[in-house]
file input34.pdb (PDB, C-alpha atoms)
ATOM      1  CA  MET A   1      58.035 -32.222 -12.434
ATOM      2  CA  THR A   2      56.782 -32.406  -8.922
ATOM      3  CA  THR A   3      56.938 -35.413  -6.737
ATOM      4  CA  PRO A   4      53.745 -36.429  -5.010
ATOM      5  CA  THR A   5      53.911 -36.366  -1.237
ATOM      6  CA  LEU A   6      52.524 -38.972   1.067
ATOM      7  CA  ASP A   7      51.525 -36.477   3.731
ATOM      8  CA  PRO A   8      47.759 -36.372   4.137
ATOM      9  CA  ALA A   9      45.984 -33.071   3.850
ATOM     10  CA  PRO A  10      45.548 -31.335   7.189
ATOM     11  CA  ALA A  11      42.257 -31.982   8.902
ATOM     12  CA  PRO A  12      39.895 -29.058   8.564
ATOM     13  CA  THR A  13      39.471 -26.946  11.662
ATOM     14  CA  PRO A  14      35.976 -26.208  12.923
ATOM     15  CA  THR A  15      36.122 -22.762  11.349
ATOM     16  CA  ASP A  16      37.190 -24.230   8.001
ATOM     17  CA  ALA A  17      34.433 -26.842   8.107
ATOM     18  CA  ARG A  18      31.744 -24.196   8.462
ATOM     19  CA  PRO A  19      31.601 -21.529   5.800
ATOM     20  CA  ALA A  20      30.908 -17.986   6.869
ATOM     21  CA  PRO A  21      27.166 -17.330   7.018
ATOM     22  CA  ARG A  22      27.226 -14.835   4.183
ATOM     23  CA  GLY A  23      23.625 -15.553   3.172
ATOM     24  CA  LEU A  24      22.381 -14.915   6.686
ATOM     25  CA  LEU A  25      24.318 -11.664   6.926
ATOM     26  CA  ARG A  26      22.896 -10.533   3.582
ATOM     27  CA  ALA A  27      19.397 -11.453   4.728
ATOM     28  CA  THR A  28      19.746  -9.490   7.963
ATOM     29  CA  ALA A  29      20.995  -6.467   6.030
ATOM     30  CA  VAL A  30      18.030  -6.661   3.657
ATOM     31  CA  ILE A  31      15.552  -7.154   6.510
ATOM     32  CA  ALA A  32      17.050  -4.249   8.459
ATOM     33  CA  THR A  33      16.861  -2.007   5.397
ATOM     34  CA  ILE A  34      13.246  -2.941   4.749
ATOM     35  CA  GLY A  35      12.468  -2.408   8.435
ATOM     36  CA  VAL A  36      13.960   1.075   8.405
ATOM     37  CA  VAL A  37      12.059   1.989   5.227
ATOM     38  CA  VAL A  38       8.768   0.716   6.696
ATOM     39  CA  ALA A  39       9.398   2.613   9.954
ATOM     40  CA  LEU A  40      10.136   5.799   8.003
ATOM     41  CA  LEU A  41       6.945   5.335   5.999
ATOM     42  CA  GLY A  42       5.007   5.094   9.283
ATOM     43  CA  LEU A  43       6.716   8.242  10.530
ATOM     44  CA  VAL A  44       5.836  10.086   7.321
ATOM     45  CA  LEU A  45       2.183   9.094   7.790
ATOM     46  CA  LEU A  46       2.302  10.465  11.336
ATOM     47  CA  LEU A  47       3.693  13.755  10.022
ATOM     48  CA  ARG A  48       1.126  14.307   7.263
ATOM     49  CA  PRO A  49      -1.330  17.112   8.014
ATOM     50  CA  VAL A  50      -4.942  16.346   8.857
ATOM     51  CA  SER A  51      -7.865  18.746   8.501
ATOM     52  CA  THR A  52     -11.636  18.900   8.588
ATOM     53  CA  PRO A  53     -13.756  21.262   6.492
ATOM     54  CA  THR A  54     -13.630  23.825   9.325
ATOM     55  CA  GLN A  55     -10.527  22.975  11.386
ATOM     56  CA  ASP A  56      -6.831  22.553  10.631
ATOM     57  CA  CYS A  57      -5.818  19.709  12.944
ATOM     58  CA  GLY A  58      -2.095  19.817  12.172
ATOM     59  CA  THR A  59      -0.145  16.580  11.926
ATOM     60  CA  SER A  60      -1.434  13.430  13.579
ATOM     61  CA  LEU A  61       1.555  13.297  15.883
ATOM     62  CA  ALA A  62       1.258  16.969  16.905
ATOM     63  CA  PHE A  63      -2.498  16.630  17.503
ATOM     64  CA  LEU A  64      -1.952  13.710  19.852
ATOM     65  CA  LEU A  65       1.112  15.064  21.653
ATOM     66  CA  ASP A  66      -0.275  18.574  22.154
ATOM     67  CA  GLY A  67      -3.621  17.288  23.407
ATOM     68  CA  ARG A  68      -5.536  19.412  20.952
ATOM     69  CA  VAL A  69      -9.333  19.328  21.051
ATOM     70  CA  ASN A  70     -12.014  19.109  18.392
ATOM     71  CA  GLU A  71     -13.756  22.275  17.284
ATOM     72  CA  PHE A  72     -17.441  21.650  16.682
ATOM     73  CA  VAL A  73     -19.489  24.025  14.532
ATOM     74  CA  SER A  74     -23.192  24.751  14.819
ATOM     75  CA  GLU A  75     -24.924  23.125  11.887
ATOM     76  CA  SER A  76     -27.948  25.412  12.138
ATOM     77  CA  ASP A  77     -25.867  28.613  12.342
ATOM     78  CA  PRO A  78     -22.443  27.939  10.750
ATOM     79  CA  PRO A  79     -19.769  30.648  10.836
ATOM     80  CA  PRO A  80     -19.298  32.850   7.775
ATOM     81  CA  GLY A  81     -17.676  31.021   4.861
ATOM     82  CA  VAL A  82     -18.772  27.570   6.099
ATOM     83  CA  THR A  83     -21.741  25.782   4.572
ATOM     84  CA  ALA A  84     -24.160  23.658   6.568
ATOM     85  CA  ALA A  85     -22.828  20.540   4.769
ATOM     86  CA  GLU A  86     -19.241  21.377   5.785
ATOM     87  CA  ALA A  87     -20.338  21.965   9.382
ATOM     88  CA  LYS A  88     -22.128  18.603   9.420
ATOM     89  CA  ALA A  89     -19.081  16.838   7.917
ATOM     90  CA  ASN A  90     -16.851  18.478  10.549
ATOM     91  CA  ASN A  91     -19.113  17.386  13.411
ATOM     92  CA  ASP A  92     -19.640  13.865  12.048
ATOM     93  CA  GLU A  93     -15.924  13.179  11.724
ATOM     94  CA  PRO A  94     -13.920  15.604  13.902
ATOM     95  CA  CYS A  95     -10.138  15.846  14.082
ATOM     96  CA  ARG A  96      -9.757  13.173  16.741
ATOM     97  CA  ASP A  97     -11.507  10.580  14.546
ATOM     98  CA  ARG A  98      -9.542  11.566  11.454
ATOM     99  CA  VAL A  99      -6.251  11.495  13.361
ATOM    100  CA  ALA A 100      -7.086   8.071  14.819
ATOM    101  CA  GLU A 101      -7.775   6.685  11.338
ATOM    102  CA  ARG A 102      -4.354   7.817  10.185
ATOM    103  CA  THR A 103      -2.425   7.048  13.376
ATOM    104  CA  LYS A 104      -3.387   3.375  13.682
ATOM    105  CA  PRO A 105      -1.799   2.195  10.401
ATOM    106  CA  ALA A 106       1.126   4.576  10.886
ATOM    107  CA  ALA A 107       1.812   3.153  14.351
ATOM    108  CA  VAL A 108       1.625  -0.404  12.984
ATOM    109  CA  LEU A 109       4.109   0.449  10.217
ATOM    110  CA  LEU A 110       6.422   2.241  12.634
ATOM    111  CA  GLY A 111       6.303  -0.603  15.158
ATOM    112  CA  ALA A 112       6.723  -3.382  12.602
ATOM    113  CA  GLY A 113       9.624  -1.576  10.949
ATOM    114  CA  LEU A 114      11.389  -1.051  14.259
ATOM    115  CA  VAL A 115      10.874  -4.680  15.306
ATOM    116  CA  ALA A 116      12.257  -5.912  11.962
ATOM    117  CA  ALA A 117      15.267  -3.593  12.040
ATOM    118  CA  ILE A 118      16.123  -4.273  15.681
ATOM    119  CA  GLY A 119      15.593  -8.017  15.246
ATOM    120  CA  ALA A 120      17.892  -8.082  12.224
ATOM    121  CA  ALA A 121      20.522  -6.102  14.125
ATOM    122  CA  VAL A 122      20.361  -8.527  17.062
ATOM    123  CA  VAL A 123      20.639 -11.580  14.782
ATOM    124  CA  GLU A 124      23.552 -10.084  12.856
ATOM    125  CA  THR A 125      25.351  -9.160  16.070
ATOM    126  CA  ALA A 126      24.862 -12.684  17.419
ATOM    127  CA  VAL A 127      26.104 -14.294  14.201
ATOM    128  CA  ARG A 128      29.164 -12.056  13.966
ATOM    129  CA  THR A 129      29.985 -12.510  17.662
ATOM    130  CA  THR A 130      29.651 -16.281  17.414
ATOM    131  CA  ALA A 131      31.929 -16.370  14.357
ATOM    132  CA  TRP A 132      34.474 -14.135  16.097
ATOM    133  CA  VAL A 133      34.481 -16.322  19.233
ATOM    134  CA  ARG A 134      34.822 -19.458  17.094
ATOM    135  CA  ARG A 135      37.812 -18.010  15.194
ATOM    136  CA  ARG A 136      39.429 -16.855  18.417
ATOM    137  CA  ARG A 137      39.067 -20.300  20.015
ATOM    138  CA  ALA A 138      40.496 -21.961  16.907
ATOM    139  CA  ARG A 139      43.513 -19.643  16.935
ATOM    140  CA  ARG A 140      44.010 -20.208  20.636
ATOM    141  CA  SER A 141      43.835 -24.003  20.309
ATOM    142  CA  ALA A 142      46.179 -23.907  17.319
ATOM    143  CA  SER A 143      48.738 -21.814  19.210
ATOM    144  CA  GLU A 144      48.483 -24.062  22.293
ATOM    145  CA  SER A 145      49.007 -27.235  20.308
ATOM    146  CA  GLY A 146      52.273 -25.827  18.993
ATOM    147  CA  PRO A 147      53.709 -25.886  15.484
ATOM    148  CA  ALA A 148      53.011 -28.928  13.365
ATOM    149  CA  THR A 149      55.954 -31.182  12.723
TER
END
call {"tool": "encode", "arguments": {"input": "input34.pdb", "output": "structure tokens"}}
result
Amino acid sequence: MTTPTLDPAPAPTPTDARPAPRGLLRATAVIATIGVVVALLGLVLLLRPVSTPTQDCGTSLAFLLDGRVNEFVSESDPPPGVTAAEAKANNDEPCRDRVAERTKPAAVLLGAGLVAAIGAAVVETAVRTTAWVRRRRARRSASESGPAT
């Protein structure tokens, strides 16, 4: 049989009073993961090949970085193997237009994914640093106050 003691329970320290922000850390991990996946999806869209009926444009990213130019075809005298309809389709929507249509959403996905991932990393770093500083201060104040009597 144990005898009840009259000593009160120790007062909680600031680190004990606040639970670790596990939900926030899980949320930042999920947001960072989603951000990376969205950024990779944007990168994949930038690396998909683009072509017109008469020109192979390459990937959107390569077309823009290399400074490639559009190849226009005479609609009245198309080259061998190209119909007049294909020549008209090529001239109506050349590589630059097709690449722009693909690059805009890809750039938005890439940018949004990077912002989400970097933002989550910054928030997680701040939360972990704050918790570390708080624990360090609590240990320091506990060691300075001396052992409890």
call {"tool": "atom_distance", "arguments": {"input": "input34.pdb", "atom1": "atom CA of A:Val133", "atom2": "atom CA of A:Leu25"}}
result
16.6 Å
call {"tool": "closest_atom_pairs", "arguments": {"input": "input34.pdb", "of": "stretch 49-145 of chain A", "to": "stretch 31-38 of chain A", "cutoff": "9 Å", "atoms": "all atoms listed in the file", "output": "CSV"}}
result
residue,atom,partner,partner_atom,distance
A:Leu109,CA,A:Val38,CA,5.8
A:Leu110,CA,A:Val38,CA,6.6
A:Gly111,CA,A:Val38,CA,8.9
A:Ala112,CA,A:Gly35,CA,7.2
A:Gly113,CA,A:Gly35,CA,3.9
A:Leu114,CA,A:Gly35,CA,6.1
A:Val115,CA,A:Gly35,CA,7.4
A:Ala116,CA,A:Gly35,CA,5.0
A:Ala117,CA,A:Ala32,CA,4.1
A:Ile118,CA,A:Ala32,CA,7.3
A:Gly119,CA,A:Ala32,CA,7.9
A:Ala120,CA,A:Ala32,CA,5.4
A:Ala121,CA,A:Ala32,CA,6.9
call {"tool": "closest_residue", "arguments": {"input": "input34.pdb", "among": "A:Arg128, A:Arg96, A:Arg102, A:Arg26", "to": "A:Val69", "atoms": "all atoms listed in the file"}}
result
A:Arg96
call {"tool": "axis_aligned_box", "arguments": {"input": "input34.pdb", "around": "stretch 81-93 of chain A", "padding_each_side": "5 Å", "output": "lines of an AutoDock Vina configuration file"}}
result
center_x = -20.0
center_y = 22.1
center_z = 9.0
size_x = 18.2
size_y = 27.8
size_z = 18.8
call {"tool": "resolve_selection", "arguments": {"input": "input34.pdb", "expression": "the PyMOL selection byres ((chain A and resi 106) around 7)", "output": "list in words"}}
result
Gly42, Leu43, Leu45, Leu46, Arg102, Thr103, Lys104, Pro105, Ala107, Val108, Leu109 and Leu110 of chain A
call {"tool": "atom_distance", "arguments": {"input": "input34.pdb", "atom1": "atom CA of A:Asp77", "atom2": "atom CA of A:Arg98"}}
result
23.6 Å
call {"tool": "atom_distance", "arguments": {"input": "input34.pdb", "atom1": "atom CA of A:Val127", "atom2": "atom CA of A:Leu40"}}
result
26.4 Å
call {"tool": "decode", "arguments": {"input": "input34.pdb", "residues": "stretch 74-87 of chain A", "atoms": "all heavy atoms", "output": "PDB file, in the first residue's frame"}}
result
ATOM      1  N   SER A  74       4.856  27.260 -97.953  1.00  0.00           N
ATOM      2  CA  SER A  74       3.991  27.877 -98.961  1.00  0.00           C
ATOM      3  C   SER A  74       2.720  27.036 -99.107  1.00  0.00           C
ATOM      4  O   SER A  74       2.780  25.837 -99.369  1.00  0.00           O
ATOM      5  CB  SER A  74       4.728  27.957-100.300  1.00  0.00           C
ATOM      6  OG  SER A  74       3.839  28.358-101.305  1.00  0.00           O
ATOM      7  N   GLU A  75       1.594  27.705 -98.930  1.00  0.00           N
ATOM      8  CA  GLU A  75       0.326  26.977 -99.041  1.00  0.00           C
ATOM      9  C   GLU A  75      -0.021  26.694-100.497  1.00  0.00           C
ATOM     10  O   GLU A  75      -0.677  25.704-100.803  1.00  0.00           O
ATOM     11  CB  GLU A  75      -0.788  27.796 -98.382  1.00  0.00           C
ATOM     12  CG  GLU A  75      -0.615  27.931 -96.888  1.00  0.00           C
ATOM     13  CD  GLU A  75      -1.684  28.816 -96.258  1.00  0.00           C
ATOM     14  OE1 GLU A  75      -2.805  28.881 -96.802  1.00  0.00           O
ATOM     15  OE2 GLU A  75      -1.393  29.425 -95.215  1.00  0.00           O
ATOM     16  N   SER A  76       0.424  27.548-101.404  1.00  0.00           N
ATOM     17  CA  SER A  76       0.107  27.332-102.817  1.00  0.00           C
ATOM     18  C   SER A  76       1.032  26.300-103.456  1.00  0.00           C
ATOM     19  O   SER A  76       0.651  25.635-104.412  1.00  0.00           O
ATOM     20  CB  SER A  76       0.200  28.652-103.581  1.00  0.00           C
ATOM     21  OG  SER A  76       1.508  29.181-103.455  1.00  0.00           O
ATOM     22  N   ASP A  77       2.265  26.172-102.938  1.00  0.00           N
ATOM     23  CA  ASP A  77       3.212  25.202-103.483  1.00  0.00           C
ATOM     24  C   ASP A  77       3.904  24.483-102.318  1.00  0.00           C
ATOM     25  O   ASP A  77       5.077  24.726-102.032  1.00  0.00           O
ATOM     26  CB  ASP A  77       4.248  25.925-104.355  1.00  0.00           C
ATOM     27  CG  ASP A  77       5.192  24.967-105.047  1.00  0.00           C
ATOM     28  OD1 ASP A  77       4.791  23.811-105.280  1.00  0.00           O
ATOM     29  OD2 ASP A  77       6.338  25.374-105.322  1.00  0.00           O
ATOM     30  N   PRO A  78       3.162  23.568-101.625  1.00  0.00           N
ATOM     31  CA  PRO A  78       3.762  22.884-100.477  1.00  0.00           C
ATOM     32  C   PRO A  78       4.855  21.915-100.922  1.00  0.00           C
ATOM     33  O   PRO A  78       4.855  21.458-102.062  1.00  0.00           O
ATOM     34  CB  PRO A  78       2.593  22.135 -99.843  1.00  0.00           C
ATOM     35  CG  PRO A  78       1.583  21.993-100.907  1.00  0.00           C
ATOM     36  CD  PRO A  78       1.788  23.140-101.860  1.00  0.00           C
ATOM     37  N   PRO A  79       5.795  21.615-100.025  1.00  0.00           N
ATOM     38  CA  PRO A  79       6.843  20.650-100.370  1.00  0.00           C
ATOM     39  C   PRO A  79       6.247  19.255-100.578  1.00  0.00           C
ATOM     40  O   PRO A  79       5.118  18.983-100.161  1.00  0.00           O
ATOM     41  CB  PRO A  79       7.780  20.672 -99.159  1.00  0.00           C
ATOM     42  CG  PRO A  79       7.111  21.459 -98.105  1.00  0.00           C
ATOM     43  CD  PRO A  79       5.957  22.163 -98.696  1.00  0.00           C
ATOM     44  N   PRO A  80       7.019  18.372-101.209  1.00  0.00           N
ATOM     45  CA  PRO A  80       6.508  17.020-101.445  1.00  0.00           C
ATOM     46  C   PRO A  80       6.169  16.314-100.132  1.00  0.00           C
ATOM     47  O   PRO A  80       6.887  16.420 -99.150  1.00  0.00           O
ATOM     48  CB  PRO A  80       7.668  16.302-102.152  1.00  0.00           C
ATOM     49  CG  PRO A  80       8.600  17.372-102.607  1.00  0.00           C
ATOM     50  CD  PRO A  80       8.345  18.574-101.781  1.00  0.00           C
ATOM     51  N   GLY A  81       5.044  15.633-100.105  1.00  0.00           N
ATOM     52  CA  GLY A  81       4.598  14.895 -98.934  1.00  0.00           C
ATOM     53  C   GLY A  81       3.769  15.728 -97.975  1.00  0.00           C
ATOM     54  O   GLY A  81       3.318  15.229 -96.952  1.00  0.00           O
ATOM     55  N   VAL A  82       3.552  17.005 -98.274  1.00  0.00           N
ATOM     56  CA  VAL A  82       2.771  17.895 -97.416  1.00  0.00           C
ATOM     57  C   VAL A  82       1.573  18.377 -98.213  1.00  0.00           C
ATOM     58  O   VAL A  82       1.710  18.878 -99.333  1.00  0.00           O
ATOM     59  CB  VAL A  82       3.623  19.102 -96.942  1.00  0.00           C
ATOM     60  CG1 VAL A  82       2.783  20.050 -96.104  1.00  0.00           C
ATOM     61  CG2 VAL A  82       4.827  18.635 -96.165  1.00  0.00           C
ATOM     62  N   THR A  83       0.387  18.219 -97.634  1.00  0.00           N
ATOM     63  CA  THR A  83      -0.821  18.678 -98.328  1.00  0.00           C
ATOM     64  C   THR A  83      -1.011  20.172 -98.072  1.00  0.00           C
ATOM     65  O   THR A  83      -0.390  20.756 -97.170  1.00  0.00           O
ATOM     66  CB  THR A  83      -2.059  17.917 -97.822  1.00  0.00           C
ATOM     67  OG1 THR A  83      -2.255  18.239 -96.440  1.00  0.00           O
ATOM     68  CG2 THR A  83      -1.889  16.405 -97.976  1.00  0.00           C
ATOM     69  N   ALA A  84      -1.877  20.763 -98.866  1.00  0.00           N
ATOM     70  CA  ALA A  84      -2.166  22.199 -98.702  1.00  0.00           C
ATOM     71  C   ALA A  84      -2.819  22.451 -97.338  1.00  0.00           C
ATOM     72  O   ALA A  84      -2.561  23.478 -96.696  1.00  0.00           O
ATOM     73  CB  ALA A  84      -3.068  22.684 -99.830  1.00  0.00           C
ATOM     74  N   ALA A  85      -3.648  21.516 -96.861  1.00  0.00           N
ATOM     75  CA  ALA A  85      -4.297  21.666 -95.554  1.00  0.00           C
ATOM     76  C   ALA A  85      -3.255  21.617 -94.433  1.00  0.00           C
ATOM     77  O   ALA A  85      -3.345  22.386 -93.472  1.00  0.00           O
ATOM     78  CB  ALA A  85      -5.342  20.569 -95.358  1.00  0.00           C
ATOM     79  N   GLU A  86      -2.273  20.732 -94.542  1.00  0.00           N
ATOM     80  CA  GLU A  86      -1.215  20.666 -93.530  1.00  0.00           C
ATOM     81  C   GLU A  86      -0.372  21.935 -93.539  1.00  0.00           C
ATOM     82  O   GLU A  86       0.015  22.438 -92.478  1.00  0.00           O
ATOM     83  CB  GLU A  86      -0.320  19.443 -93.767  1.00  0.00           C
ATOM     84  CG  GLU A  86      -0.993  18.125 -93.455  1.00  0.00           C
ATOM     85  CD  GLU A  86      -0.125  16.930 -93.838  1.00  0.00           C
ATOM     86  OE1 GLU A  86       0.735  17.062 -94.739  1.00  0.00           O
ATOM     87  OE2 GLU A  86      -0.323  15.867 -93.231  1.00  0.00           O
ATOM     88  N   ALA A  87      -0.085  22.454 -94.726  1.00  0.00           N
ATOM     89  CA  ALA A  87       0.690  23.694 -94.830  1.00  0.00           C
ATOM     90  C   ALA A  87      -0.075  24.849 -94.198  1.00  0.00           C
ATOM     91  O   ALA A  87       0.507  25.682 -93.491  1.00  0.00           O
ATOM     92  CB  ALA A  87       1.011  23.990 -96.288  1.00  0.00           C
TER      93      ALA A  87
END
